[in-house]
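Dropping entry-v6.txt in here (compact mmCIF, C-alpha atoms):
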# COMPACT_ATOMS: atom_id res chain seq x y z
CA MET X 1 -82.31 46.20 14.97
CA ALA X 2 -78.77 46.22 13.60
CA LYS X 3 -78.14 48.26 10.48
CA ALA X 4 -75.17 48.72 8.17
CA GLY X 5 -72.38 50.61 9.94
CA ASP X 6 -73.37 49.58 13.47
CA ILE X 7 -70.56 48.28 15.70
CA MET X 8 -71.41 46.03 18.65
CA VAL X 9 -69.22 44.27 21.19
CA SER X 10 -69.66 41.06 23.15
CA ALA X 11 -66.82 41.19 25.66
CA ALA X 12 -67.84 37.84 27.18
CA THR X 13 -67.22 36.03 23.89
CA GLY X 14 -64.40 38.32 22.70
CA GLU X 15 -66.23 39.36 19.54
CA THR X 16 -66.73 42.74 17.88
CA PHE X 17 -69.31 42.93 15.08
CA LYS X 18 -69.26 45.66 12.42
CA PHE X 19 -72.34 45.18 10.26
CA ILE X 20 -71.57 45.75 6.57
CA LYS X 21 -74.76 44.43 4.92
CA THR X 22 -77.89 43.32 6.73
CA ALA X 23 -80.99 41.43 5.68
CA ALA X 24 -82.68 44.77 4.98
CA ASP X 25 -79.88 45.73 2.57
CA THR X 26 -79.95 42.45 0.63
CA ASN X 27 -83.64 41.49 0.61
CA GLY X 28 -82.83 38.76 3.13
CA GLU X 29 -80.22 37.14 0.90
CA LEU X 30 -77.01 37.94 2.80
CA LEU X 31 -75.64 39.07 6.15
CA GLN X 32 -72.11 40.47 5.99
CA ILE X 33 -70.10 41.41 9.09
CA ASP X 34 -66.50 42.46 9.72
CA MET X 35 -65.45 40.52 12.82
CA VAL X 36 -62.67 41.32 15.30
CA ILE X 37 -61.88 38.42 17.63
CA ALA X 38 -59.94 38.96 20.86
CA PRO X 39 -57.39 36.38 22.03
CA GLY X 40 -59.33 33.37 23.29
CA GLY X 41 -62.53 34.70 21.73
CA GLY X 42 -64.94 33.30 19.19
CA ALA X 43 -67.71 30.73 19.25
CA LYS X 44 -66.03 29.27 22.35
CA ALA X 45 -69.32 29.08 24.23
CA VAL X 46 -71.02 27.19 21.41
CA PRO X 47 -70.46 23.45 20.96
CA ALA X 48 -70.18 21.99 17.49
CA HIS X 49 -73.41 23.03 15.79
CA ILE X 50 -75.21 23.19 12.45
CA HIS X 51 -77.13 25.79 10.49
CA PRO X 52 -79.62 23.59 8.61
CA ILE X 53 -80.59 26.04 5.86
CA GLN X 54 -77.73 28.51 5.75
CA GLU X 55 -74.18 28.63 4.37
CA GLU X 56 -71.52 30.43 6.43
CA ARG X 57 -68.33 31.84 4.91
CA PHE X 58 -65.20 33.08 6.71
CA TYR X 59 -62.68 35.24 4.81
CA ILE X 60 -59.64 35.47 7.12
CA LYS X 61 -57.93 38.87 7.11
CA SER X 62 -55.45 38.65 10.01
CA GLY X 63 -54.46 36.31 12.82
CA GLN X 64 -55.33 32.63 12.96
CA ILE X 65 -58.71 31.00 13.42
CA LYS X 66 -59.06 27.39 14.54
CA PHE X 67 -61.98 25.53 12.99
CA GLU X 68 -63.65 22.24 13.67
CA LEU X 69 -65.59 21.27 10.55
CA ASN X 70 -67.36 17.90 10.35
CA GLY X 71 -65.00 16.55 13.02
CA GLU X 72 -61.80 17.77 11.34
CA GLU X 73 -59.69 20.42 13.12
CA PHE X 74 -57.50 22.88 11.22
CA ILE X 75 -56.08 26.41 11.56
CA THR X 76 -56.47 29.13 8.94
CA GLY X 77 -54.61 32.38 8.36
CA PRO X 78 -54.75 35.57 6.28
CA GLY X 79 -56.01 35.14 2.73
CA GLU X 80 -57.72 31.82 3.43
CA THR X 81 -61.44 31.14 3.11
CA VAL X 82 -63.52 28.57 4.97
CA ILE X 83 -66.97 27.71 3.64
CA VAL X 84 -69.35 25.90 5.99
CA PRO X 85 -72.17 24.33 3.96
CA ALA X 86 -75.69 24.22 5.36
CA GLY X 87 -75.98 21.25 7.71
CA ALA X 88 -72.24 20.90 8.37
CA SER X 89 -71.10 20.47 11.97
CA HIS X 90 -68.71 23.24 12.98
CA THR X 91 -67.34 25.61 15.59
CA TRP X 92 -64.41 28.03 15.67
CA SER X 93 -62.20 30.19 17.91
CA ASN X 94 -59.16 32.48 17.87
CA ALA X 95 -56.16 30.15 17.86
CA THR X 96 -53.53 32.60 19.18
CA ASP X 97 -52.78 35.25 21.77
CA ASP X 98 -53.22 37.95 19.13
CA GLU X 99 -56.32 39.59 17.72
CA ALA X 100 -57.82 38.00 14.59
CA THR X 101 -60.09 39.53 11.97
CA PHE X 102 -62.27 38.12 9.22
CA LEU X 103 -65.24 38.94 7.02
CA LEU X 104 -68.24 36.76 7.88
CA GLU X 105 -71.01 36.05 5.39
CA MET X 106 -74.20 34.14 6.17
CA GLN X 107 -76.52 33.23 3.30
CA PRO X 108 -79.45 33.58 3.52
CA ALA X 109 -79.32 36.19 6.28
CA LEU X 110 -82.28 34.82 8.26
CA ASP X 111 -82.51 36.64 11.63
CA TRP X 112 -78.88 36.39 12.69
CA GLU X 113 -78.39 40.16 12.96
CA VAL X 114 -81.09 40.17 15.67
CA ILE X 115 -79.49 37.19 17.44
CA PHE X 116 -76.01 38.76 17.32
CA GLU X 117 -77.38 42.07 18.62
CA THR X 118 -79.10 40.22 21.46
CA LEU X 119 -75.83 38.42 22.26
CA CYS X 120 -73.98 41.74 22.48
CA ALA X 121 -76.72 43.31 24.62
CA VAL X 122 -76.81 40.48 27.17
CA SER X 123 -73.01 40.45 27.25
CA GLN X 124 -72.99 44.18 28.07
CA GLN X 125 -75.58 43.53 30.79
CA GLY X 126 -73.41 40.84 32.40
CA LEU X 127 -75.93 38.11 31.65
CA LEU X 128 -73.37 35.73 30.13
CA GLY X 129 -71.03 33.58 32.17
CA PRO X 130 -67.26 34.21 32.25
CA ASP X 131 -66.94 31.51 29.58
CA GLY X 132 -69.35 33.43 27.34
CA LYS X 133 -72.20 30.98 27.81
CA SER X 134 -75.84 31.90 28.22
CA SER X 135 -78.17 29.95 30.47
CA LEU X 136 -79.89 27.01 28.78
CA ILE X 137 -83.27 28.67 29.34
CA GLY X 138 -82.09 31.98 27.87
CA THR X 139 -80.71 30.16 24.83
CA ALA X 140 -83.95 28.20 24.44
CA VAL X 141 -86.04 31.38 24.39
CA VAL X 142 -84.01 32.72 21.46
CA PHE X 143 -83.87 29.52 19.43
CA ASP X 144 -87.51 28.65 20.04
CA LYS X 145 -88.42 31.94 18.36
CA TYR X 146 -85.80 31.67 15.59
CA LYS X 147 -86.40 28.10 14.50
CA ASP X 148 -84.00 26.41 12.08
CA HIS X 149 -81.21 28.92 12.72
CA MET X 150 -78.94 26.66 14.78
CA TYR X 151 -78.95 23.23 16.41
CA ILE X 152 -76.36 21.30 18.40
CA ALA X 153 -74.57 18.76 16.21
CA GLY X 154 -75.13 15.10 16.97
CA MET X 155 -78.48 15.53 18.74
CA PRO X 156 -81.74 14.84 16.88
CA ILE X 157 -83.19 18.12 15.62
CA GLY X 158 -86.75 17.03 16.47
CA LEU X 159 -85.72 16.53 20.10
CA GLN X 160 -84.03 19.94 20.20
CA LYS X 161 -87.15 21.63 18.80
CA VAL X 162 -89.23 20.09 21.59
CA MET X 163 -86.63 21.02 24.20
CA PHE X 164 -86.41 24.62 22.96
CA ALA X 165 -90.21 24.91 22.87
CA VAL X 166 -90.66 23.66 26.46
CA LEU X 167 -87.73 25.58 27.96
CA GLY X 168 -88.54 28.63 25.84
CA THR X 169 -92.07 28.73 27.28
CA VAL X 170 -90.66 28.47 30.81
CA GLY X 171 -88.09 31.15 30.04
CA ARG X 172 -90.65 33.61 28.71
CA MET X 173 -92.75 33.06 31.84
CA MET X 174 -89.62 33.91 33.86
CA GLY X 175 -89.17 37.15 31.91
CA HIS X 176 -86.46 36.12 29.44
CA LYS X 177 -86.66 37.91 26.08
CA SER X 178 -85.79 36.62 22.63
CA GLU X 179 -84.60 40.06 21.48
CA ARG X 180 -82.61 42.81 23.19
CA SER X 181 -81.46 46.04 21.64
CA TYR X 182 -77.79 46.94 21.98
CA PHE X 183 -78.87 50.57 21.89
CA MET X 184 -81.53 50.49 24.60
CA PRO X 185 -80.83 53.07 27.36
CA GLU X 186 -79.83 50.59 30.07
CA VAL X 187 -77.26 48.92 27.81
CA GLN X 188 -75.91 52.28 26.62
CA ALA X 189 -75.51 53.38 30.25
CA LEU X 190 -73.54 50.23 31.06
CA ARG X 191 -71.31 50.74 28.00
CA GLN X 192 -70.60 54.32 29.00
CA MET X 193 -69.63 53.18 32.51
CA THR X 194 -67.19 50.56 31.21
CA GLU X 195 -65.73 52.97 28.65
CA GLN X 196 -64.98 55.68 31.26
CA PRO X 197 -61.22 56.22 31.78
CA ALA X 198 -59.91 54.93 35.13
Here is the file; what I need is its structure written in the form of structure tokens.
Amino acid sequence: MAKAGDIMVSAATGETFKFIKTAADTNGELLQIDMVIAPGGGAKAVPAHIHPIQEERFYIKSGQIKFELNGEEFITGPGETVIVPAGASHTWSNATDDEATFLLEMQPALDWEVIFETLCAVSQQGLLGPDGKSSLIGTAVVFDKYKDHMYIAGMPIGLQKVMFAVLGTVGRMMGHKSERSYFMPEVQALRQMTEQPA
């Protein structure tokens, strides 16, 4: 499980996560991460979505981040803050050809550090598509376990819960896992291979 000081990379989505405060550090109240977003990176694989019981805050440090919030699109830069209330439809991405950085806060923390670690692990294992997307079944396995963390905007939540439950059951039978450690030996071996100088 991620802990303060850990750095994890999801090359497929162009995101680097440096965990500052985790649920364990804040009694579940807050998750705080320094994010580095590569050009073209971000929540590009995620359609507009909602977090029904969690507020998300973006403190932009450098570069420009494009947001879609409740159907409105806008671009933010250094020194700006975007607050996404619980239940608000949103998505975001790096708006330029340069790296962007921001501090991300999610309150309450819920289990997002586990979900982000799993994202980075499957990215390192080549289990995400070139667009950063996971398979529908793989996604369902995660969000069936971590209920009320995220839902697609504009689709009835009750329907999504049923869909995640059915596909999650199928996915688990196929061997999909809801959690993967970024530090498990097979992922570390893959990282070392990709980090070797040419």
Could you tell me which of X:Thr76, X:Thr118, X:Thr169, X:Ser178 comes closest to Phe143 in chain X if we count only C-alpha atoms? X:Ser178
Report the distance between CA of Met150 in chain X and CA of Ala11 in chain X in Å, rounded to one decimal place.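 So the two atoms, CA of Met150 in chain X and CA of Ala11 in chain X, lie 21.8 Å apart.
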If we count only C-alpha atoms, what is near Ser134 in chain X at a cut-off of 9 Å, once residues fewer than 4 positions away on the same chain are taken out, given as a list in words?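 These residues fall inside the cut-off: Ala45, Leu119, Val122, Leu127, Leu128, Gly129, Gly138 and Thr139 of chain X.
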Could you tell me how far CA of Val142 in chain X sits from CA of Pro156 in chain X, in Å to one decimal place? 18.6 Å
At a cut-off of 12 Å, using only C-alpha atoms, what residues contact Arg172 in chain X? Leave out same-chain residues fewer than 3 positions from it and give the result as a compact mmCIF listing (two decimals) with C-alpha atoms, in the coordinates of the input.
# COMPACT_ATOMS: atom_id res chain seq x y z
CA ILE X 137 -83.27 28.67 29.34
CA GLY X 138 -82.09 31.98 27.87
CA THR X 139 -80.71 30.16 24.83
CA ALA X 140 -83.95 28.20 24.44
CA VAL X 141 -86.04 31.38 24.39
CA VAL X 142 -84.01 32.72 21.46
CA ASP X 144 -87.51 28.65 20.04
CA LYS X 145 -88.42 31.94 18.36
CA PHE X 164 -86.41 24.62 22.96
CA ALA X 165 -90.21 24.91 22.87
CA VAL X 166 -90.66 23.66 26.46
CA LEU X 167 -87.73 25.58 27.96
CA GLY X 168 -88.54 28.63 25.84
CA THR X 169 -92.07 28.73 27.28
CA GLY X 175 -89.17 37.15 31.91
CA HIS X 176 -86.46 36.12 29.44
CA LYS X 177 -86.66 37.91 26.08
CA SER X 178 -85.79 36.62 22.63
CA GLU X 179 -84.60 40.06 21.48
Residues near Ala24 in chain X, cut-off 10 Å, only C-alpha atoms, skip fewer than 6 positions along chain, as a list of chain:residue names: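 Close residues of Ala24 in chain X: X:Ala2, X:Lys3, X:Ala4, X:Leu30, X:Leu31, X:Ala109.
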File of the preceding selection, C-alpha atoms, as a compact mmCIF listing (two decimals), in the frame of the given file:
# COMPACT_ATOMS: atom_id res chain seq x y z
CA ALA X 2 -78.77 46.22 13.60
CA LYS X 3 -78.14 48.26 10.48
CA ALA X 4 -75.17 48.72 8.17
CA LEU X 30 -77.01 37.94 2.80
CA LEU X 31 -75.64 39.07 6.15
CA ALA X 109 -79.32 36.19 6.28
Take the point (-66.7, 33.6, 10.3) as written in the file and pick out every residue within 9 Å of it, counting only C-alpha atoms; give the list as a ChimeraX atom specification. /X:33-35,56-60,65,82-83,92,102-106
Export of prior selection with C-alpha atoms as a PDB file, in the coordinates of the input:
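Dumped to again.pdb:
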ATOM      1  CA  ILE X  33     -70.100  41.410   9.090  1.00  0.00           C
ATOM      2  CA  ASP X  34     -66.500  42.460   9.720  1.00  0.00           C
ATOM      3  CA  MET X  35     -65.450  40.520  12.820  1.00  0.00           C
ATOM      4  CA  GLU X  56     -71.520  30.430   6.430  1.00  0.00           C
ATOM      5  CA  ARG X  57     -68.330  31.840   4.910  1.00  0.00           C
ATOM      6  CA  PHE X  58     -65.200  33.080   6.710  1.00  0.00           C
ATOM      7  CA  TYR X  59     -62.680  35.240   4.810  1.00  0.00           C
ATOM      8  CA  ILE X  60     -59.640  35.470   7.120  1.00  0.00           C
ATOM      9  CA  ILE X  65     -58.710  31.000  13.420  1.00  0.00           C
ATOM     10  CA  VAL X  82     -63.520  28.570   4.970  1.00  0.00           C
ATOM     11  CA  ILE X  83     -66.970  27.710   3.640  1.00  0.00           C
ATOM     12  CA  TRP X  92     -64.410  28.030  15.670  1.00  0.00           C
ATOM     13  CA  PHE X 102     -62.270  38.120   9.220  1.00  0.00           C
ATOM     14  CA  LEU X 103     -65.240  38.940   7.020  1.00  0.00           C
ATOM     15  CA  LEU X 104     -68.240  36.760   7.880  1.00  0.00           C
ATOM     16  CA  GLU X 105     -71.010  36.050   5.390  1.00  0.00           C
ATOM     17  CA  MET X 106     -74.200  34.140   6.170  1.00  0.00           C
TER      18      MET X 106
END
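The space between CA of Leu159 in chain X and CA of Gly171 in chain X spans 17.8 Å.
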Excluding Asn70 in chain X and its own-chain neighbours fewer than 3 positions away, which residues fall within 10 Å of it when counting all atoms listed in the file? Please give them as number ranges by chain. X: 48-50, 67, 73, 84, 87-91, 153
Neighbour list for Pro78 in chain X as a VMD selection string, cut-off 7 Å, all atoms listed in the file, skip fewer than 3 positions in-chain: chain X and resid 60 to 63
Best match for closeness to Ile152 in chain X among X:Val46, X:Leu110, X:Ala121, X:Val170, counting only C-alpha atoms: X:Val46
Between X:Cys120, X:Leu136, X:Ala43, X:Ala95, single out the one closest to Lys18 in chain X, counting only C-alpha atoms.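 Among the listed residues, X:Cys120 lies closest to Lys18 in chain X.
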With all atoms listed in the file as the basis for distance, which of X:Arg180, X:Lys66, X:Lys161, X:His51 is at the shortest distance from His149 in chain X?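 Looking at the shortest contact to His149 in chain X, the residue is X:His51.
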Nearest-residue call for Gln32 in chain X, choices X:Ile20, X:Met1, X:Met174, X:Ala12, using only C-alpha atoms: X:Ile20
Between X:Gln64, X:Gln107, X:Gln54, X:Thr81, which one has atoms that come closest to Lys21 in chain X, using only C-alpha atoms? X:Gln107
Box in all listed atoms of range 116-125 of chain X, axis-aligned, with 6 Å more on each side; write out centre and edge lengths in Å to one decimal as JSON.
{"center_x": -76.0, "center_y": 41.3, "center_z": 24.1, "size_x": 18.1, "size_y": 17.8, "size_z": 25.5}
